[in-house]
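Trainee: Structure file final-v2.csv (CSV, C-alpha atoms and all ligand atoms) is given on the next line.
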```csv
chain,number,residue,atom,x,y,z
A,20,MET,CA,12.3,99.9,-51.9
A,21,HIS,CA,12.6,101.3,-48.3
A,22,GLU,CA,16.1,100.0,-47.5
A,23,ALA,CA,17.5,103.5,-48.0
A,24,SER,CA,15.4,105.1,-45.3
A,25,LEU,CA,16.1,102.3,-42.9
A,26,VAL,CA,19.9,102.5,-43.6
A,27,ARG,CA,19.8,106.3,-43.1
A,28,SER,CA,18.2,105.7,-39.7
A,29,LEU,CA,20.8,103.1,-38.9
A,30,LEU,CA,23.6,105.5,-39.7
A,31,ASN,CA,22.0,108.3,-37.6
A,32,GLN,CA,21.6,105.9,-34.6
A,33,VAL,CA,25.2,104.7,-34.8
A,34,THR,CA,26.5,108.2,-35.2
A,35,ASP,CA,24.7,109.3,-32.0
A,36,LEU,CA,25.8,106.2,-30.1
A,37,ALA,CA,29.4,106.7,-31.1
A,38,ARG,CA,29.4,110.3,-30.0
A,39,GLN,CA,28.0,109.2,-26.7
A,40,HIS,CA,30.9,106.9,-26.3
A,41,GLY,CA,33.5,109.6,-26.9
A,42,GLY,CA,33.4,109.7,-30.7
A,43,GLY,CA,36.3,107.6,-31.9
A,44,SER,CA,36.4,106.5,-35.5
A,45,VAL,CA,33.8,103.7,-36.1
A,46,THR,CA,35.5,100.8,-37.9
A,47,GLU,CA,32.7,98.2,-38.0
A,48,ILE,CA,28.9,98.1,-37.8
A,49,ARG,CA,27.3,94.8,-37.3
A,50,VAL,CA,23.6,94.2,-38.1
A,51,GLU,CA,21.3,91.2,-38.1
A,52,ILE,CA,18.8,90.6,-40.9
A,53,GLY,CA,16.3,87.7,-40.8
A,54,PRO,CA,14.2,86.3,-43.6
A,55,LEU,CA,11.1,88.1,-42.3
A,56,ALA,CA,12.9,91.4,-41.6
A,57,GLY,CA,11.4,93.0,-44.7
A,58,VAL,CA,14.7,94.2,-46.1
A,59,GLU,CA,17.0,92.6,-48.6
A,60,PRO,CA,20.6,92.3,-47.4
A,61,LEU,CA,22.1,93.2,-50.9
A,62,LEU,CA,20.0,96.3,-51.0
A,63,VAL,CA,20.9,97.2,-47.5
A,64,ARG,CA,24.6,96.9,-48.4
A,65,SER,CA,24.3,99.1,-51.5
A,66,ALA,CA,22.3,101.7,-49.7
A,67,PHE,CA,24.9,101.7,-46.9
A,68,GLU,CA,27.8,102.2,-49.4
A,69,GLN,CA,26.1,105.1,-51.0
A,70,LEU,CA,24.9,106.8,-47.8
A,71,VAL,CA,28.0,106.4,-45.7
A,72,CYS,CA,30.2,108.4,-48.1
A,73,GLY,CA,31.4,111.6,-46.7
A,74,THR,CA,29.9,111.0,-43.3
A,75,GLU,CA,31.8,110.5,-40.0
A,76,LEU,CA,31.1,106.8,-40.4
A,77,ASP,CA,33.0,106.7,-43.7
A,78,ASP,CA,35.6,104.3,-42.4
A,79,ALA,CA,33.2,101.7,-41.1
A,80,THR,CA,32.6,98.4,-42.8
A,81,LEU,CA,29.2,96.9,-42.6
A,82,VAL,CA,28.9,93.3,-41.4
A,83,ILE,CA,25.6,91.7,-42.1
A,84,ASP,CA,24.7,88.5,-40.1
A,85,GLU,CA,21.9,86.7,-41.9
A,86,VAL,CA,20.0,85.0,-39.1
A,87,PRO,CA,17.5,82.2,-39.5
A,88,LEU,CA,13.8,82.4,-38.9
A,89,VAL,CA,13.1,80.8,-35.5
A,90,ALA,CA,9.8,80.3,-33.8
A,91,ARG,CA,8.8,78.9,-30.5
A,92,CYS,CA,6.0,76.4,-29.7
A,93,GLU,CA,4.7,76.6,-26.1
A,94,THR,CA,4.8,72.8,-25.8
A,95,CYS,CA,7.9,71.8,-27.8
A,96,GLY,CA,10.3,74.8,-27.7
A,97,GLU,CA,12.1,76.5,-30.5
A,98,PHE,CA,12.3,75.3,-34.1
A,99,ALA,CA,13.6,76.7,-37.5
A,100,VAL,CA,10.8,77.9,-39.7
A,101,ASP,CA,11.1,76.5,-43.2
A,102,GLY,CA,9.4,78.1,-46.2
A,103,PHE,CA,7.4,80.5,-44.0
A,104,ARG,CA,5.2,77.6,-42.9
A,105,PHE,CA,4.6,78.4,-39.2
A,106,ARG,CA,3.9,75.0,-38.0
A,107,CYS,CA,5.6,73.2,-35.1
A,108,PRO,CA,7.4,70.1,-36.5
A,109,GLY,CA,6.9,68.4,-33.1
A,110,CYS,CA,3.2,68.7,-32.5
A,111,ASP,CA,1.9,70.4,-35.6
A,112,ALA,CA,0.7,73.4,-33.6
A,113,SER,CA,0.2,76.5,-35.8
A,114,ARG,CA,0.1,79.0,-33.0
A,115,VAL,CA,3.7,79.8,-32.5
A,116,THR,CA,5.7,82.9,-31.7
A,117,VAL,CA,8.5,84.2,-33.9
A,118,VAL,CA,11.6,84.6,-31.6
A,119,ARG,CA,14.2,85.5,-34.2
A,120,GLY,CA,14.5,86.5,-37.9
A,121,ASP,CA,11.7,89.1,-38.2
A,122,GLU,CA,13.9,92.1,-37.6
A,123,PHE,CA,16.6,94.3,-39.0
A,124,ARG,CA,18.7,94.7,-35.8
A,125,ILE,CA,21.7,96.8,-34.9
A,126,ALA,CA,23.9,94.2,-33.1
A,127,SER,CA,27.0,96.3,-32.3
A,128,PHE,CA,29.5,98.7,-33.5
A,129,THR,CA,33.3,98.9,-33.0
A,130,PHE,CA,35.3,102.0,-32.7
A,131,ALA,CA,39.0,102.8,-32.5
A,132,GLU,CA,40.4,104.9,-29.7
A,133,THR,CA,43.7,106.5,-30.3
A,134,ALA,CA,45.6,107.3,-27.2
A,135,GLU,CA,49.2,108.6,-26.5
A,136,ASN,CA,51.2,105.7,-25.0
A,137,PRO,CA,52.6,107.0,-21.8
A,138,ILE,CA,55.8,105.0,-21.3
B,17,MET,CA,66.7,110.7,-23.3
B,18,THR,CA,63.2,111.4,-24.4
B,19,PRO,CA,60.9,108.5,-23.9
B,20,VAL,CA,59.4,107.1,-27.1
B,21,VAL,CA,55.8,108.1,-27.4
B,22,ALA,CA,53.8,105.8,-29.7
B,23,PRO,CA,50.2,106.2,-30.4
B,24,VAL,CA,48.3,103.0,-29.6
B,25,VAL,CA,45.0,102.2,-31.1
B,26,THR,CA,42.6,100.2,-29.0
B,27,SER,CA,39.2,99.2,-30.3
B,28,GLN,CA,36.1,98.9,-28.3
B,29,THR,CA,32.9,97.1,-29.3
B,30,VAL,CA,29.6,98.4,-28.1
B,31,ALA,CA,26.7,96.0,-28.0
B,32,VAL,CA,23.5,97.8,-29.2
B,33,ASN,CA,21.0,95.0,-29.8
B,34,ARG,CA,18.0,97.0,-30.9
B,35,ASP,CA,15.8,97.0,-34.0
B,36,VAL,CA,16.6,99.8,-36.5
B,37,GLN,CA,13.0,100.9,-36.2
B,38,SER,CA,12.7,100.7,-32.4
B,39,ALA,CA,12.0,104.5,-32.0
B,40,ALA,CA,9.4,104.5,-34.8
B,41,ARG,CA,7.8,101.4,-33.2
B,42,ALA,CA,7.6,103.0,-29.8
B,43,ALA,CA,6.0,106.1,-31.3
B,44,ALA,CA,3.5,103.9,-33.1
B,45,ALA,CA,2.7,102.1,-29.9
B,46,ARG,CA,2.0,105.4,-28.2
B,47,LEU,CA,-0.5,106.4,-31.0
B,48,ARG,CA,-2.1,103.0,-30.8
B,49,ALA,CA,-2.7,103.4,-27.0
B,50,GLU,CA,-4.0,106.9,-27.4
B,51,TRP,CA,-6.5,105.9,-30.1
B,52,ALA,CA,-7.6,102.9,-28.1
B,53,SER,CA,-8.2,105.0,-25.0
B,54,ARG,CA,-10.5,107.2,-27.2
B,55,GLY,CA,-12.4,104.2,-28.6
B,56,ILE,CA,-11.0,104.6,-32.1
B,57,LEU,CA,-10.0,101.5,-34.0
B,58,ALA,CA,-7.2,102.3,-36.4
B,59,VAL,CA,-7.2,100.2,-39.6
B,60,ASN,CA,-4.2,100.0,-42.0
B,61,LEU,CA,-5.2,98.7,-45.4
B,62,ILE,CA,-2.5,97.2,-47.5
B,63,SER,CA,-2.6,95.5,-50.9
B,64,SER,CA,-1.1,95.5,-54.4
B,65,PRO,CA,-2.1,98.5,-56.5
B,66,GLY,CA,-5.7,98.3,-57.7
B,67,ALA,CA,-6.8,95.5,-55.4
B,68,GLY,CA,-9.7,97.6,-54.4
B,69,LYS,CA,-8.8,99.5,-51.2
B,70,THR,CA,-10.5,102.7,-52.1
B,71,SER,CA,-13.6,100.8,-53.4
B,72,LEU,CA,-13.8,98.9,-50.1
B,73,LEU,CA,-13.6,102.2,-48.2
B,74,GLU,CA,-16.4,103.7,-50.3
B,75,ALA,CA,-18.6,100.6,-49.6
B,76,THR,CA,-17.7,100.7,-45.9
B,77,ALA,CA,-18.5,104.4,-45.6
B,78,CYS,CA,-21.9,103.8,-47.3
B,79,HIS,CA,-22.6,100.8,-45.0
B,80,PHE,CA,-21.7,102.7,-41.9
B,81,ALA,CA,-23.4,106.0,-43.0
B,82,GLY,CA,-25.5,107.3,-40.1
B,83,LYS,CA,-24.3,104.4,-37.8
B,84,ARG,CA,-20.6,104.8,-37.3
B,85,LYS,CA,-18.3,107.8,-37.7
B,86,ILE,CA,-15.2,107.2,-39.7
B,87,ALA,CA,-12.2,109.2,-40.8
B,88,ILE,CA,-9.8,108.4,-43.6
B,89,LEU,CA,-6.1,109.0,-44.4
B,90,VAL,CA,-5.3,107.9,-47.9
B,91,GLY,CA,-1.8,107.4,-49.2
B,92,ASP,CA,-0.6,107.5,-52.8
B,93,LEU,CA,2.6,108.2,-54.7
B,94,ALA,CA,0.9,111.2,-56.3
B,95,THR,CA,-2.5,112.8,-57.0
B,96,ASP,CA,-5.5,113.3,-54.7
B,97,ARG,CA,-7.8,111.2,-56.8
B,98,ASP,CA,-8.7,108.7,-54.0
B,99,ALA,CA,-9.4,111.6,-51.6
B,100,GLN,CA,-11.7,113.1,-54.2
B,101,ARG,CA,-13.6,109.8,-54.3
B,102,LEU,CA,-13.8,109.4,-50.5
B,103,ALA,CA,-14.2,113.0,-49.3
B,104,PRO,CA,-18.0,113.2,-50.1
B,105,LEU,CA,-18.4,110.1,-47.8
B,106,ALA,CA,-16.2,110.9,-44.8
B,107,PRO,CA,-13.6,113.3,-43.5
B,108,THR,CA,-10.6,112.4,-45.7
B,109,VAL,CA,-7.0,113.6,-46.0
B,110,GLN,CA,-4.8,112.6,-48.9
B,111,LEU,CA,-1.2,111.9,-48.1
B,112,THR,CA,1.1,111.9,-51.1
B,113,THR,CA,4.5,110.3,-50.6
B,114,GLY,CA,6.2,111.9,-53.5
B,115,GLY,CA,7.5,108.5,-54.7
B,116,ALA,CA,8.0,106.6,-51.5
B,117,CYS,CA,6.5,103.2,-51.7
B,118,HIS,CA,4.8,103.2,-48.3
B,119,LEU,CA,3.5,105.4,-45.5
B,120,GLU,CA,5.6,106.3,-42.5
B,121,LEU,CA,4.6,107.8,-39.1
B,122,PRO,CA,5.6,111.5,-39.9
B,123,LEU,CA,3.1,111.5,-42.8
B,124,ILE,CA,0.4,110.0,-40.6
B,125,GLN,CA,1.1,112.7,-38.1
B,126,ARG,CA,0.8,115.4,-40.7
B,127,GLY,CA,-2.5,113.9,-41.9
B,128,LEU,CA,-3.8,113.8,-38.4
B,129,ASP,CA,-3.0,117.5,-38.0
B,130,GLN,CA,-5.0,118.2,-41.1
B,131,LEU,CA,-7.9,116.1,-40.0
B,132,GLY,CA,-8.2,118.1,-36.8
B,133,THR,CA,-9.8,116.6,-33.7
B,134,LEU,CA,-10.6,113.0,-34.4
B,135,ASP,CA,-14.3,112.5,-33.7
B,136,CYS,CA,-14.8,109.0,-35.0
B,137,GLU,CA,-15.0,105.3,-34.2
B,138,PHE,CA,-12.8,104.1,-37.0
B,139,LEU,CA,-9.7,105.6,-38.5
B,140,PHE,CA,-8.9,104.0,-41.9
B,141,ILE,CA,-5.4,104.4,-43.3
B,142,GLU,CA,-5.2,103.4,-47.0
B,143,ASN,CA,-1.5,102.6,-47.6
B,144,VAL,CA,0.3,102.9,-50.9
B,145,GLY,CA,-0.3,100.0,-53.2
B,146,ASN,CA,2.6,97.6,-52.4
B,147,LEU,CA,2.8,94.3,-50.5
B,148,VAL,CA,6.5,94.7,-49.5
B,149,CYS,CA,7.5,97.9,-47.7
B,150,PRO,CA,4.2,98.7,-45.9
B,151,ALA,CA,4.5,95.4,-44.1
B,152,SER,CA,7.6,96.8,-42.3
B,153,HIS,CA,6.0,100.0,-41.1
B,154,ASP,CA,3.9,100.1,-38.0
B,155,LEU,CA,1.5,103.1,-38.3
B,156,GLY,CA,-0.1,102.7,-34.9
B,157,GLU,CA,-2.9,100.6,-36.3
B,158,HIS,CA,-4.8,98.1,-34.2
B,159,VAL,CA,-5.7,96.0,-37.2
B,160,ARG,CA,-3.7,95.5,-40.4
B,161,VAL,CA,-5.9,94.4,-43.3
B,162,ILE,CA,-4.5,92.8,-46.4
B,163,LEU,CA,-6.6,92.9,-49.5
B,164,LEU,CA,-6.1,90.2,-52.1
B,165,SER,CA,-8.2,90.5,-55.3
B,166,THR,CA,-9.4,87.5,-57.2
B,167,THR,CA,-7.4,88.7,-60.3
B,168,GLU,CA,-4.1,88.4,-58.5
B,169,GLY,CA,-3.9,84.7,-58.1
B,170,ASP,CA,-4.5,82.6,-55.0
B,171,ASP,CA,-0.8,81.8,-54.6
B,172,LYS,CA,0.1,85.3,-53.4
B,173,PRO,CA,0.2,84.7,-49.7
B,174,ALA,CA,3.4,82.6,-49.7
B,175,LYS,CA,5.1,85.2,-52.0
B,176,TYR,CA,4.5,88.0,-49.5
B,177,PRO,CA,5.0,86.2,-46.2
B,178,LYS,CA,5.7,89.3,-44.1
B,179,ALA,CA,2.5,91.2,-45.3
B,180,PHE,CA,0.4,88.2,-44.4
B,181,ARG,CA,2.2,87.3,-41.2
B,182,THR,CA,1.7,90.8,-39.8
B,183,SER,CA,-1.9,91.2,-40.7
B,184,GLN,CA,-5.0,90.5,-38.7
B,185,ILE,CA,-7.7,90.4,-41.4
B,186,LEU,CA,-7.6,89.1,-45.0
B,187,VAL,CA,-10.1,90.6,-47.4
B,188,VAL,CA,-10.5,88.7,-50.6
B,189,SER,CA,-11.9,91.3,-53.0
B,190,LYS,CA,-13.7,91.4,-56.4
B,191,THR,CA,-15.6,88.1,-55.8
B,192,ASP,CA,-17.9,89.1,-58.7
B,193,LEU,CA,-14.9,88.1,-61.0
B,194,LEU,CA,-14.6,84.6,-59.6
B,195,PRO,CA,-16.4,83.0,-62.6
B,196,TYR,CA,-13.8,84.5,-65.0
B,197,VAL,CA,-10.5,83.9,-63.2
B,198,PRO,CA,-8.8,80.8,-61.9
B,199,PHE,CA,-8.9,81.7,-58.2
B,200,SER,CA,-9.9,79.6,-55.3
B,201,VAL,CA,-11.0,81.6,-52.2
B,202,GLU,CA,-10.4,78.4,-50.1
B,203,ALA,CA,-6.9,77.9,-51.5
B,204,ALA,CA,-6.0,81.5,-50.9
B,205,ILE,CA,-7.3,81.4,-47.3
B,206,ALA,CA,-5.5,78.1,-46.6
B,207,ASP,CA,-2.2,79.5,-47.9
B,208,ALA,CA,-2.7,82.6,-45.8
B,209,HIS,CA,-3.5,80.6,-42.7
B,210,SER,CA,-0.3,78.5,-43.1
B,211,ILE,CA,1.5,81.8,-42.6
B,212,GLN,CA,-0.8,83.5,-40.1
B,213,PRO,CA,-3.3,81.1,-38.5
B,214,ASP,CA,-5.0,83.9,-36.6
B,215,LEU,CA,-6.1,85.8,-39.7
B,216,ASP,CA,-9.8,86.6,-39.9
B,217,CYS,CA,-10.9,86.2,-43.5
B,218,VAL,CA,-13.8,87.7,-45.4
B,219,ALA,CA,-14.7,87.7,-49.1
B,220,VAL,CA,-16.3,90.9,-50.5
B,221,CYS,CA,-17.5,92.5,-53.7
B,222,SER,CA,-17.4,96.2,-53.2
B,223,ARG,CA,-19.4,96.8,-56.4
B,224,SER,CA,-22.4,94.7,-55.4
B,225,GLY,CA,-22.0,95.0,-51.7
B,226,ASP,CA,-21.7,91.3,-51.2
B,227,GLY,CA,-19.8,90.6,-47.9
B,228,ILE,CA,-19.6,94.2,-46.9
B,229,ALA,CA,-22.0,93.7,-43.9
B,230,GLU,CA,-19.8,90.8,-42.7
B,231,TRP,CA,-16.7,92.9,-43.1
B,232,CYS,CA,-18.2,95.8,-41.1
B,233,GLU,CA,-19.3,93.3,-38.4
B,234,LEU,CA,-15.7,92.1,-38.2
B,235,LEU,CA,-14.6,95.7,-37.8
B,236,ASP,CA,-17.1,96.3,-35.0
B,237,TRP,CA,-15.9,93.1,-33.3
B,238,HIS,CA,-12.3,94.3,-33.4
B,239,ARG,CA,-13.3,97.7,-32.1
B,240,ALA,CA,-15.2,96.0,-29.2
B,241,ALA,CA,-12.0,94.0,-28.4
B,242,LEU,CA,-9.9,97.3,-28.2
B,243,ASN,CA,-10.0,97.7,-24.5
B,244,SER,CA,-10.3,94.1,-23.5
B,245,PRO,CA,-7.0,92.4,-22.9
B,246,LYS,CA,-5.7,90.4,-25.8
B,247,PRO,CA,-5.5,86.6,-25.2
B,248,ALA,CA,-1.8,85.6,-25.1
A,301,LIG,N1,-15.2,93.9,-60.8
A,301,LIG,C1,-14.8,94.6,-59.7
A,301,LIG,N2,-14.0,95.6,-59.8
A,301,LIG,C2,-13.7,96.2,-58.6
A,301,LIG,C3,-14.2,95.9,-57.4
A,301,LIG,N3,-13.6,96.7,-56.4
A,301,LIG,C4,-12.8,97.5,-57.1
A,301,LIG,N4,-12.8,97.3,-58.4
A,301,LIG,C5,-12.1,98.0,-59.5
A,301,LIG,O1,-10.7,97.8,-59.4
A,301,LIG,C6,-10.0,99.0,-59.7
A,301,LIG,C7,-9.1,99.5,-58.6
A,301,LIG,O2,-9.9,99.8,-57.5
A,301,LIG,P1,-9.5,100.8,-56.3
A,301,LIG,O3,-10.5,100.7,-55.3
A,301,LIG,O4,-9.1,102.1,-56.9
A,301,LIG,O5,-8.1,100.0,-55.8
A,301,LIG,P2,-6.9,100.5,-54.9
A,301,LIG,O6,-5.8,100.9,-55.8
A,301,LIG,O7,-6.5,99.3,-54.1
A,301,LIG,O8,-7.4,101.6,-54.1
A,301,LIG,C8,-11.1,100.0,-60.1
A,301,LIG,O9,-11.2,100.0,-61.5
A,301,LIG,C9,-12.3,99.5,-59.4
A,301,LIG,O10,-13.5,99.9,-60.1
A,301,LIG,C10,-15.1,94.8,-57.3
A,301,LIG,O11,-15.6,94.4,-56.2
A,301,LIG,N5,-15.3,94.2,-58.5
A,302,MG,MG,-6.7,103.6,-53.8
A,303,ZN,ZN,4.9,71.9,-30.7
```
Could you take the file, read its structure, and then write that structure out as structure tokens?

Mentor:
Amino acid sequence: MHEASLVRSLLNQVTDLARQHGGGSVTEIRVEIGPLAGVEPLLVRSAFEQLVCGTELDDATLVIDEVPLVARCETCGEFAVDGFRFRCPGCDASRVTVVRGDEFRIASFTFAETAENPI
Amino acid sequence: MTPVVAPVVTSQTVAVNRDVQSAARAAAARLRAEWASRGILAVNLISSPGAGKTSLLEATACHFAGKRKIAILVGDLATDRDAQRLAPLAPTVQLTTGGACHLELPLIQRGLDQLGTLDCEFLFIENVGNLVCPASHDLGEHVRVILLSTTEGDDKPAKYPKAFRTSQILVVSKTDLLPYVPFSVEAAIADAHSIQPDLDCVAVCSRSGDGIAEWCELLDWHRAALNSPKPA
């Protein structure tokens, strides 16, 4: 179970980035998790809920986009990989490159800026 | 009249688009390049607990004795038992993770500091016995080796797709037990190849030494390929 250490790293990175952007309150963190990311979305969520408590990201909600596993065949283009069988449905080639779904990615974060309205 | 001053809240979304582990991956890539420039092939061994990683390293050290220099970092949750087995054969440092189920770069770095100047052709890293988490952690290795012992069942590859997809060599271990267990080496290799067609496969018995010469040749071959550009 290594989700906790990865989520800790996620929180540190978003904290740093939010500070670089002026440090408003972060309301949402959006991540992408694919079938070959090596992390389980449910465990990521529970690690997040435990680790975020009492930090400056306490108000943030975590949005997890579960992305599909997509590979590319040099001849036929991209296809969805089914059951981890890395074979092109077009030409049966087995040498294909994974283009999506093998990562735990930080997609974006949203923060609120409170300003005095100068009427 | 005082004008009404109301606080407005605007929200801003910042695109990040990077892997959570991007910094660790970059650090691993730097280690990999440094080792390659010194002619050192780094090998990360992963498997379930007890598949025979330490036994394979013992057999490898014996085979290479007097021919190749090796160094070993060996990871476990606790105890230095594996290091005690390996230390008589090669410079070895035990890394204990204190409960963590896999090795990460800071531990490797600490082990390297303990090893001192690396004077070797092969650096072996025995990971913690686990087929899940180690698959997600790049330790700077050039070659990830996955061991599958004949007592584990030949249907394992499809159950641990990431570990097999990210490896370069599959070692089927404990072939002396084949007469006693329902395990087909061909079926295991076919299953593994459906996940990673580029896997080099070798079957060994560390007890008898069967297949060890072939495995060591494969290591030499990967080391020779270190500084030649990889085919795309
Ligand atoms: N029969 C047989 N047993 C082996 C072989 N290699 C290792 N073992 C046994 O398997 C057990 C675990 O081996 P070890 O090398 O400690 O596995 P590790 O946990 O992956 O490092 C030990 O009892 C070894 O003696 C082999 O080739 N044949
Ligand atoms: Mg061991
Ligand atoms: Zn194709």

Trainee: At a cut-off of 10 Å, which residues of chain A touch chain B? Count only C-alpha atoms and give the answer as a PDB file with C-alpha atoms, in the frame of the given file.

Mentor:
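So the final result, stored in part17.pdb, reads:
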```pdb
ATOM      1  CA  MET A  20      12.300  99.900 -51.900  1.00  0.00           C
ATOM      2  CA  HIS A  21      12.600 101.300 -48.300  1.00  0.00           C
ATOM      3  CA  GLU A  22      16.100 100.000 -47.500  1.00  0.00           C
ATOM      4  CA  SER A  24      15.400 105.100 -45.300  1.00  0.00           C
ATOM      5  CA  LEU A  25      16.100 102.300 -42.900  1.00  0.00           C
ATOM      6  CA  VAL A  26      19.900 102.500 -43.600  1.00  0.00           C
ATOM      7  CA  ARG A  27      19.800 106.300 -43.100  1.00  0.00           C
ATOM      8  CA  SER A  28      18.200 105.700 -39.700  1.00  0.00           C
ATOM      9  CA  LEU A  29      20.800 103.100 -38.900  1.00  0.00           C
ATOM     10  CA  LEU A  30      23.600 105.500 -39.700  1.00  0.00           C
ATOM     11  CA  GLN A  32      21.600 105.900 -34.600  1.00  0.00           C
ATOM     12  CA  VAL A  33      25.200 104.700 -34.800  1.00  0.00           C
ATOM     13  CA  LEU A  36      25.800 106.200 -30.100  1.00  0.00           C
ATOM     14  CA  ALA A  37      29.400 106.700 -31.100  1.00  0.00           C
ATOM     15  CA  HIS A  40      30.900 106.900 -26.300  1.00  0.00           C
ATOM     16  CA  GLY A  43      36.300 107.600 -31.900  1.00  0.00           C
ATOM     17  CA  SER A  44      36.400 106.500 -35.500  1.00  0.00           C
ATOM     18  CA  VAL A  45      33.800 103.700 -36.100  1.00  0.00           C
ATOM     19  CA  THR A  46      35.500 100.800 -37.900  1.00  0.00           C
ATOM     20  CA  GLU A  47      32.700  98.200 -38.000  1.00  0.00           C
ATOM     21  CA  ILE A  48      28.900  98.100 -37.800  1.00  0.00           C
ATOM     22  CA  ARG A  49      27.300  94.800 -37.300  1.00  0.00           C
ATOM     23  CA  VAL A  50      23.600  94.200 -38.100  1.00  0.00           C
ATOM     24  CA  GLU A  51      21.300  91.200 -38.100  1.00  0.00           C
ATOM     25  CA  ILE A  52      18.800  90.600 -40.900  1.00  0.00           C
ATOM     26  CA  PRO A  54      14.200  86.300 -43.600  1.00  0.00           C
ATOM     27  CA  LEU A  55      11.100  88.100 -42.300  1.00  0.00           C
ATOM     28  CA  ALA A  56      12.900  91.400 -41.600  1.00  0.00           C
ATOM     29  CA  GLY A  57      11.400  93.000 -44.700  1.00  0.00           C
ATOM     30  CA  VAL A  58      14.700  94.200 -46.100  1.00  0.00           C
ATOM     31  CA  GLY A 102       9.400  78.100 -46.200  1.00  0.00           C
ATOM     32  CA  PHE A 103       7.400  80.500 -44.000  1.00  0.00           C
ATOM     33  CA  ARG A 104       5.200  77.600 -42.900  1.00  0.00           C
ATOM     34  CA  PHE A 105       4.600  78.400 -39.200  1.00  0.00           C
ATOM     35  CA  ARG A 106       3.900  75.000 -38.000  1.00  0.00           C
ATOM     36  CA  ALA A 112       0.700  73.400 -33.600  1.00  0.00           C
ATOM     37  CA  SER A 113       0.200  76.500 -35.800  1.00  0.00           C
ATOM     38  CA  ARG A 114       0.100  79.000 -33.000  1.00  0.00           C
ATOM     39  CA  VAL A 115       3.700  79.800 -32.500  1.00  0.00           C
ATOM     40  CA  ASP A 121      11.700  89.100 -38.200  1.00  0.00           C
ATOM     41  CA  GLU A 122      13.900  92.100 -37.600  1.00  0.00           C
ATOM     42  CA  PHE A 123      16.600  94.300 -39.000  1.00  0.00           C
ATOM     43  CA  ARG A 124      18.700  94.700 -35.800  1.00  0.00           C
ATOM     44  CA  ILE A 125      21.700  96.800 -34.900  1.00  0.00           C
ATOM     45  CA  ALA A 126      23.900  94.200 -33.100  1.00  0.00           C
ATOM     46  CA  SER A 127      27.000  96.300 -32.300  1.00  0.00           C
ATOM     47  CA  PHE A 128      29.500  98.700 -33.500  1.00  0.00           C
ATOM     48  CA  THR A 129      33.300  98.900 -33.000  1.00  0.00           C
ATOM     49  CA  PHE A 130      35.300 102.000 -32.700  1.00  0.00           C
ATOM     50  CA  ALA A 131      39.000 102.800 -32.500  1.00  0.00           C
ATOM     51  CA  GLU A 132      40.400 104.900 -29.700  1.00  0.00           C
ATOM     52  CA  THR A 133      43.700 106.500 -30.300  1.00  0.00           C
ATOM     53  CA  ALA A 134      45.600 107.300 -27.200  1.00  0.00           C
ATOM     54  CA  GLU A 135      49.200 108.600 -26.500  1.00  0.00           C
ATOM     55  CA  ASN A 136      51.200 105.700 -25.000  1.00  0.00           C
ATOM     56  CA  PRO A 137      52.600 107.000 -21.800  1.00  0.00           C
ATOM     57  CA  ILE A 138      55.800 105.000 -21.300  1.00  0.00           C
TER      58      ILE A 138
END
```

Trainee: To one decimal place, how far is CA of Asp77 (chain A) from CA of Glu59 (chain A) in Å?

Mentor: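 Going from CA of Asp77 (chain A) over to CA of Glu59 (chain A) covers 21.9 Å.
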
Trainee: Find, counting all atoms listed in the file, the residue in A:Cys95, A:Val100, A:Leu76, A:Val118 that gets nearest to ligand ZN 303 (chain A).

Mentor: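 Smallest distance to ligand ZN 303 (chain A) is found for A:Cys95.
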
Trainee: Which polymer residues have any atom within 10 Å of an atom of region 50-54 of chain B, counting only C-alpha atoms, with same-chain residues fewer than 2 positions away left out, as a list in words?

Mentor: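 Counting only C-alpha atoms, the residues come to Ala44, Ala45, Arg46, Leu47, Arg48, Ile56, Leu57, Ala58, Leu134, Asp135, Cys136, Glu137, Phe138, Leu139, Gly156, Glu157, His158, Arg239, Ala241, Leu242 and Asn243 of chain B.
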
Trainee: Can you pull out the residues contacting Glu168 (chain B)? Cut-off 9 Å, using all atoms listed in the file, and skip same-chain residues under 5 positions away; I want them as a VMD selection string.

Mentor: chain B and resid 64 67 199

Trainee: Neighbours of Pro108 (chain A) within 12 Å (only C-alpha atoms; same-chain residues fewer than 6 positions away dropped), as a ChimeraX atom specification?

Mentor: /A:90-92,94-101,115

Trainee: For ligand MG 302 (chain A), which residue out of B:Val109, B:Ile124, B:Val90, B:Leu194 is the nearest one, using all atoms listed in the file?

Mentor: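 The closest residue to ligand MG 302 (chain A) is B:Val90.
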
Trainee: Produce as a PyMOL selection string the set of residues near ligand MG 302 (chain A), where near means within 10 Å with only C-alpha atoms and all ligand atoms considered.

Mentor: chain B and resi 61-73+90-92+96-99+101-102+142-145

Trainee: Could you jot down the CA of Ala77 (chain B) to CA of Lys190 (chain B) separation for me, Å, one decimal place?

Mentor: 17.6 Å

Trainee: Can you measure CA of Val187 (chain B) to CA of Arg41 (chain B) for me? One decimal in Å is fine.

Mentor: 25.3 Å

Trainee: Using only C-alpha atoms, can you tell me which of B:Ala206, B:Leu193, B:Cys78, B:Leu155 comes closest to Asp171 (chain B)?

Mentor: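 Closest residue, counting only C-alpha atoms: B:Ala206.
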
Trainee: Compare B:Trp237, B:Thr95, B:Glu74, B:Ala81 by their minimum atom-to-atom distance to ligand LIG 301 (chain A), counting only C-alpha atoms and all ligand atoms, and give me the closest one.

Mentor: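 Checking each of B:Trp237, B:Thr95, B:Glu74, B:Ala81 against ligand LIG 301 (chain A), counting only C-alpha atoms and all ligand atoms, the winner is B:Glu74.
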
Trainee: Calculated over all atoms listed in the file, which of the candidates B:Ala229, B:Ile88, B:Val188, B:Ala204 has the smallest distance to ligand LIG 301 (chain A)?

Mentor: B:Val188
